Amino acid sequence: MNMISEEVLALEPDIIAWRRHMHQNPELSFQEVHTTAYLTEELKKIPGLTLEFPTKTGVVAVLKGVQPGPVLALRADIDALPIQEETGLPYASTVPGVMHACGHDGHAAMQLAAAKLLAAERTSLRGEVRFLFQHAEELPPGGAVEMLKAGVMEGVDELYGMHLSSNFPTGTFGVRPGALTSATDRFDIRVIGKGGHSAFPETCVDPIVIAGEIVGALQTLVSRRIQAVEPAVVSVCMIHAGEAYNIIPGEVAITGSTRTFSKETRERLPKLMEELARGICAAHDADCDFKFTLGYASVMNDKALTASSRKVIEEHFGESAVLEIDPLMPGEDFSALQEDCPGFFVELGARSEEKGITFPHHNCRYLMDEDALKYGVEYLYQLVRSRLSIS
């Protein structure tokens with residue numbers, strides 16, 4: 001068991017500095033202009049890399065070995081979230097209402113470090129590594145689709161991704177073959193009633209009352225219409241209606257998300273939802289407009305790549321560093337890059353009870369245990385070497 005190599009430890013101060021710079025200067029999805037420029041500036045300092053700009057934001061660094069061989073793609077996302085940071089960190093976000101609350105700053109910093117380490121060993125590598133610094137993971141349709149359409153995955157044999165996780169202790173790796181993340185989709189229901197004076201509800205078709213019935217009834221779909229052994233979630237997240245305390249509005253807008261794993265459930269759930277919403281509206285003489293928008297598909301971990309990656313983790317961090325994890329309900333647009341390429345995505349623990357680093361992702365007080373960064377860099381470094389080193 002080798003744990004952290006001297007090469008990675010020597011680079012750790014730079015990794016933390018890169019991460020903190022991006023944390024202080026977060027940018028929302030499709031707006032990562034400064035982040036892309038900063039990464040480009042740092043990548044240009046690394047001899048042996050060729051830079052490509054397939055989309056408006058985001059950058060791809062290509063490292064070619066001295067002999068022909070497999071083509072590997074490593075992916076890190078770079079966008080932030082529309083959250084006002086409340087961590088009190090000395091390097092907290094300087095951008096009002098925008099925060100790296102999901103670890104993407106750490107992902108980019110780790111991949112930048114891996115690129116620097118591997119470029120220094122170019123003469124002992126075969127094949128090719130493409131370092132994808134991808135924009136807009138947080139906002140569907142997502143940056144992965146744009147990068148895919150731009151051709152960044154052409155000729156790639158293996159795809160790898162990683163996500164810092166507040167669910168697992170620092171130094172551990174969450175591993176799961178097969179379906180890792182859920183498919184994440186959006187629904188919009190518009191209840192169209194008849195507004196009027198609140199003193200005369202009998203002259204109205206009250207969409208708020210109808211919407212209340214729909215929200216309650218939606219919760220029965222998973223518990224009563226989907227098999228108990230099939231994971232699924234229906235969450236109503238936004239309801240908008242009305243402008244005055246004494247006026248029954250004419251419409252209510254209901255918006256939310258669904259999370260599914262199987263193709264069958266993903267296709268069946270919106271049909272059930274639409275039938276339910278239209279049925280309740282019809283019972284009250286109201287109209288219904290239903291829209292279902294597909295988001296990210298499930299990340300599917302290739303069994304062979306899972307096994308080989310797990311071996312790398314066990315060899316360098318010990319068997320206890322591998323955690324067998326359940327499917328994850330959050331979505332990931334990494335799945336778009338897997339369209340014609342086998343991939344493996346791992347969860348890297350970054351939680352520390354001793355340091356009080358326990359807040360979840362997408363929280364205004366989210367913290368990351370920066371000690372986790374060196375584990376992620378070591379993993380990427382050793383993973384590529386195991387696949388591309390000239391023996």
# chains A, B, ... in the order shown; residues from 1 in each chain; ligands from 1

$ closest_atom_pairs --of "region 18-126 of chain A" --to "region 348-364 of chain A" --cutoff "7 Å" --atoms "only C-alpha atoms" --output "tab-separated table"
residue	atom	partner	partner_atom	distance
A:Ile83	CA	A:Cys364	CA	6.1
A:Gln84	CA	A:Cys364	CA	6.1
A:Glu85	CA	A:Cys364	CA	4.8
A:Glu86	CA	A:Cys364	CA	5.3
A:Thr87	CA	A:Cys364	CA	6.9
A:Ala101	CA	A:His362	CA	5.0
A:Cys102	CA	A:His361	CA	5.0

$ closest_residue --among "A:Arg310, A:Lys291, A:Arg75, A:Arg190" --to "Ile254 (chain A)" --atoms "only C-alpha atoms"
A:Arg190

$ closest_residue --among "A:Lys149, A:Arg176, A:Arg186, A:His135" --to "Lys303 (chain A)" --atoms "only C-alpha atoms"
A:Arg176

$ residues_around --residues "Ser309 (chain A)" --least-positions-apart "2" --cutoff "10 Å" --atoms "only C-alpha atoms" --output "ChimeraX atom specification"
/A:160,175,303-307,311-315,344-346,379-380,382-384,386-387

$ write_last_selection --atoms "C-alpha atoms" --output "PDB file, in the first residue's frame"
ATOM      1  CA  TYR A 160     -13.136   8.328 -16.185  1.00  0.00           C
ATOM      2  CA  VAL A 175     -17.413   2.305  -5.856  1.00  0.00           C
ATOM      3  CA  LYS A 303     -17.912  -3.631 -15.001  1.00  0.00           C
ATOM      4  CA  ALA A 304     -14.419  -4.150 -16.428  1.00  0.00           C
ATOM      5  CA  LEU A 305     -13.330  -0.552 -15.802  1.00  0.00           C
ATOM      6  CA  THR A 306     -14.852  -0.690 -12.327  1.00  0.00           C
ATOM      7  CA  ALA A 307     -12.807  -3.782 -11.517  1.00  0.00           C
ATOM      8  CA  LYS A 311      -7.660  -2.619  -8.104  1.00  0.00           C
ATOM      9  CA  VAL A 312      -5.749   0.663  -8.419  1.00  0.00           C
ATOM     10  CA  ILE A 313      -7.476   2.031  -5.315  1.00  0.00           C
ATOM     11  CA  GLU A 314      -6.823  -1.100  -3.282  1.00  0.00           C
ATOM     12  CA  GLU A 315      -3.168  -1.279  -4.321  1.00  0.00           C
ATOM     13  CA  PHE A 344     -16.164   4.598 -14.676  1.00  0.00           C
ATOM     14  CA  PHE A 345     -17.185   7.267 -12.154  1.00  0.00           C
ATOM     15  CA  VAL A 346     -16.037   7.169  -8.523  1.00  0.00           C
ATOM     16  CA  TYR A 379      -5.855   8.103  -7.837  1.00  0.00           C
ATOM     17  CA  LEU A 380      -5.899   9.836 -11.245  1.00  0.00           C
ATOM     18  CA  GLN A 382      -1.893   5.993 -10.708  1.00  0.00           C
ATOM     19  CA  LEU A 383      -4.969   5.133 -12.769  1.00  0.00           C
ATOM     20  CA  VAL A 384      -3.501   6.558 -15.963  1.00  0.00           C
ATOM     21  CA  SER A 386      -1.712   1.620 -14.791  1.00  0.00           C
ATOM     22  CA  ARG A 387      -3.411   1.901 -18.182  1.00  0.00           C
TER      23      ARG A 387
END

$ select_by_dssp --residues "region 63-172 of chain A" --states "strand (DSSP E or B)" --output "number ranges by chain"
A: 63-64, 67-77, 81, 99, 125-134, 158-169

$ residues_around --residues "region 219-226 of chain A" --least-positions-apart "6" --cutoff "9 Å" --atoms "only C-alpha atoms" --output "list in words"
Ala232, Val233, Val234, Ser235, Thr265, Leu269, Leu272 and Met273 of chain A

$ write_last_selection --atoms "all heavy atoms" --output "mmCIF file, in the first residue's frame"
data_model
loop_
_atom_site.group_PDB
_atom_site.id
_atom_site.type_symbol
_atom_site.label_atom_id
_atom_site.label_comp_id
_atom_site.auth_asym_id
_atom_site.auth_seq_id
_atom_site.Cartn_x
_atom_site.Cartn_y
_atom_site.Cartn_z
ATOM 1 N N ALA A 232 -37.231 5.301 -6.970
ATOM 2 C CA ALA A 232 -37.789 6.427 -7.721
ATOM 3 C C ALA A 232 -38.165 7.534 -6.736
ATOM 4 O O ALA A 232 -38.510 7.258 -5.582
ATOM 5 C CB ALA A 232 -39.017 5.999 -8.520
ATOM 6 N N VAL A 233 -38.087 8.766 -7.215
ATOM 7 C CA VAL A 233 -38.444 9.919 -6.396
ATOM 8 C C VAL A 233 -39.225 10.897 -7.254
ATOM 9 O O VAL A 233 -38.865 11.151 -8.404
ATOM 10 C CB VAL A 233 -37.197 10.622 -5.824
ATOM 11 C CG1 VAL A 233 -37.576 11.931 -5.139
ATOM 12 C CG2 VAL A 233 -36.469 9.718 -4.838
ATOM 13 N N VAL A 234 -40.309 11.451 -6.685
ATOM 14 C CA VAL A 234 -41.043 12.554 -7.309
ATOM 15 C C VAL A 234 -41.050 13.698 -6.306
ATOM 16 O O VAL A 234 -41.581 13.553 -5.205
ATOM 17 C CB VAL A 234 -42.489 12.159 -7.670
ATOM 18 C CG1 VAL A 234 -43.237 13.370 -8.230
ATOM 19 C CG2 VAL A 234 -42.505 11.011 -8.668
ATOM 20 N N SER A 235 -40.443 14.816 -6.671
ATOM 21 C CA SER A 235 -40.358 15.956 -5.753
ATOM 22 C C SER A 235 -40.958 17.204 -6.403
ATOM 23 O O SER A 235 -40.530 17.608 -7.496
ATOM 24 C CB SER A 235 -38.902 16.244 -5.375
ATOM 25 O OG SER A 235 -38.361 15.193 -4.616
ATOM 26 N N THR A 265 -39.140 2.485 -15.797
ATOM 27 C CA THR A 265 -39.744 3.416 -14.849
ATOM 28 C C THR A 265 -39.631 4.838 -15.347
ATOM 29 O O THR A 265 -40.551 5.642 -15.191
ATOM 30 C CB THR A 265 -39.079 3.283 -13.470
ATOM 31 O OG1 THR A 265 -39.250 1.951 -12.993
ATOM 32 C CG2 THR A 265 -39.691 4.250 -12.469
ATOM 33 N N LEU A 269 -43.244 6.688 -15.581
ATOM 34 C CA LEU A 269 -43.599 7.664 -14.564
ATOM 35 C C LEU A 269 -44.265 8.912 -15.125
ATOM 36 O O LEU A 269 -45.301 9.362 -14.594
ATOM 37 C CB LEU A 269 -42.355 8.027 -13.738
ATOM 38 C CG LEU A 269 -42.595 8.797 -12.448
ATOM 39 C CD1 LEU A 269 -43.583 8.075 -11.549
ATOM 40 C CD2 LEU A 269 -41.279 9.021 -11.710
ATOM 41 N N LEU A 272 -47.934 8.258 -15.920
ATOM 42 C CA LEU A 272 -48.764 8.192 -14.717
ATOM 43 C C LEU A 272 -49.029 9.585 -14.154
ATOM 44 O O LEU A 272 -50.143 9.898 -13.720
ATOM 45 C CB LEU A 272 -48.081 7.326 -13.654
ATOM 46 C CG LEU A 272 -47.912 5.840 -13.965
ATOM 47 C CD1 LEU A 272 -47.102 5.156 -12.875
ATOM 48 C CD2 LEU A 272 -49.284 5.172 -14.112
ATOM 49 N N MET A 273 -48.015 10.427 -14.162
ATOM 50 C CA MET A 273 -48.158 11.780 -13.635
ATOM 51 C C MET A 273 -49.149 12.590 -14.451
ATOM 52 O O MET A 273 -50.000 13.303 -13.892
ATOM 53 C CB MET A 273 -46.790 12.473 -13.618
ATOM 54 C CG MET A 273 -45.786 11.844 -12.677
ATOM 55 S SD MET A 273 -44.138 12.567 -12.850
ATOM 56 C CE MET A 273 -44.441 14.199 -12.195
#

$ closest_atom_pairs --of "region 21-86 of chain A" --to "region 112-128 of chain A" --cutoff "12 Å" --atoms "only C-alpha atoms" --output "CSV"
residue,atom,partner,partner_atom,distance
A:Tyr38,CA,A:Leu112,CA,11.1
A:Leu39,CA,A:Leu112,CA,7.8
A:Thr40,CA,A:Leu112,CA,10.0
A:Glu41,CA,A:Leu112,CA,11.2
A:Glu42,CA,A:Leu112,CA,8.0
A:Leu43,CA,A:Leu112,CA,7.3
A:Lys44,CA,A:Lys116,CA,10.4
A:Lys45,CA,A:Lys116,CA,8.9
A:Ile46,CA,A:Lys116,CA,6.0
A:Pro47,CA,A:Ala119,CA,6.9
A:Gly48,CA,A:Ala119,CA,6.0
A:Leu49,CA,A:Ala119,CA,7.1
A:Thr50,CA,A:Ala119,CA,10.7
A:Leu51,CA,A:Ala115,CA,11.8
A:Val59,CA,A:Leu112,CA,11.3
A:Val60,CA,A:Ala115,CA,10.9
A:Ala61,CA,A:Ala115,CA,8.1
A:Val62,CA,A:Glu128,CA,7.2
A:Leu63,CA,A:Glu128,CA,5.7
A:Lys64,CA,A:Glu128,CA,4.4
A:Gly65,CA,A:Arg126,CA,4.2
A:Val66,CA,A:Arg126,CA,5.6
A:Gln67,CA,A:Arg126,CA,4.4
A:Pro68,CA,A:Gly127,CA,4.7
A:Gly69,CA,A:Gly127,CA,3.6
A:Pro70,CA,A:Gly127,CA,4.8
A:Val71,CA,A:Glu128,CA,4.7
A:Leu72,CA,A:Glu128,CA,6.2
A:Ala73,CA,A:Glu128,CA,8.4
A:Leu74,CA,A:Ala114,CA,9.7
A:Arg75,CA,A:Leu112,CA,10.7
A:Ala76,CA,A:Leu112,CA,9.2
A:Asp77,CA,A:Leu112,CA,11.7
A:Ile78,CA,A:Leu112,CA,11.5

$ closest_residue --among "A:Leu89, A:Cys288, A:Leu148, A:Val252" --to "Phe334 (chain A)" --atoms "only C-alpha atoms"
A:Leu148

$ residues_around --residues "region 54-57 of chain A" --least-positions-apart "6" --cutoff "9 Å" --atoms "only C-alpha atoms" --output "PyMOL selection string"
chain A and resi 30-33+35-37+134-136+143+146-147+150-152

$ residues_around --residues "Gly331 (chain A)" --least-positions-apart "2" --cutoff "8 Å" --atoms "only C-alpha atoms" --output "VMD selection string"
chain A and resid 181 to 184 296 to 299 328 to 329 333

$ write_last_selection --atoms "N, CA, C and O atoms" --output "short mmCIF file (atom, residue, chain, number, x, y, z; two decimals), in the first residue's frame"
data_model
loop_
_atom_site.label_atom_id
_atom_site.label_comp_id
_atom_site.auth_asym_id
_atom_site.auth_seq_id
_atom_site.Cartn_x
_atom_site.Cartn_y
_atom_site.Cartn_z
N THR A 181 -25.79 6.70 -10.75
CA THR A 181 -26.64 7.85 -10.47
C THR A 181 -28.01 7.67 -11.13
O THR A 181 -28.17 6.87 -12.05
N SER A 182 -28.95 8.46 -10.68
CA SER A 182 -30.30 8.37 -11.25
C SER A 182 -30.41 9.21 -12.52
O SER A 182 -29.60 10.10 -12.78
N ALA A 183 -31.44 8.90 -13.29
CA ALA A 183 -31.84 9.79 -14.37
C ALA A 183 -32.63 10.93 -13.74
O ALA A 183 -33.51 10.70 -12.90
N THR A 184 -32.30 12.16 -14.11
CA THR A 184 -32.94 13.32 -13.49
C THR A 184 -33.73 14.08 -14.54
O THR A 184 -33.17 14.60 -15.50
N TYR A 296 -30.67 14.41 -17.37
CA TYR A 296 -29.50 13.55 -17.50
C TYR A 296 -29.88 12.09 -17.32
O TYR A 296 -30.67 11.74 -16.44
N ALA A 297 -29.30 11.24 -18.14
CA ALA A 297 -29.49 9.80 -17.98
C ALA A 297 -28.61 9.30 -16.83
O ALA A 297 -27.76 10.02 -16.31
N SER A 298 -28.81 8.04 -16.44
CA SER A 298 -28.02 7.45 -15.37
C SER A 298 -26.58 7.23 -15.81
O SER A 298 -26.31 6.85 -16.96
N VAL A 299 -25.66 7.48 -14.88
CA VAL A 299 -24.26 7.11 -15.11
C VAL A 299 -24.15 5.61 -14.92
O VAL A 299 -24.54 5.07 -13.87
N LEU A 328 -26.95 6.43 -6.27
CA LEU A 328 -27.05 7.81 -5.83
C LEU A 328 -28.18 8.52 -6.56
O LEU A 328 -28.28 8.44 -7.79
N MET A 329 -29.03 9.22 -5.82
CA MET A 329 -30.16 9.90 -6.43
C MET A 329 -29.80 11.15 -7.23
O MET A 329 -30.48 11.47 -8.20
N ASP A 333 -24.25 14.79 -15.64
CA ASP A 333 -24.25 14.78 -17.11
C ASP A 333 -23.03 14.07 -17.69
O ASP A 333 -22.87 14.00 -18.91
#

$ closest_residue --among "A:Ser165, A:Ala282, A:Asn301, A:Pro26" --to "Tyr366 (chain A)" --atoms "only C-alpha atoms"
A:Ser165

$ select_by_dssp --residues "region 155-382 of chain A" --states "helix (DSSP H, G or I)" --output "PyMOL selection string"
chain A and resi 201-203+207-224+263-283+303-317+319-321+334-337+371-382

$ closest_residue --among "A:Glu332, A:Glu202, A:Asp188, A:Glu154" --to "His240 (chain A)" --atoms "only C-alpha atoms"
A:Asp188
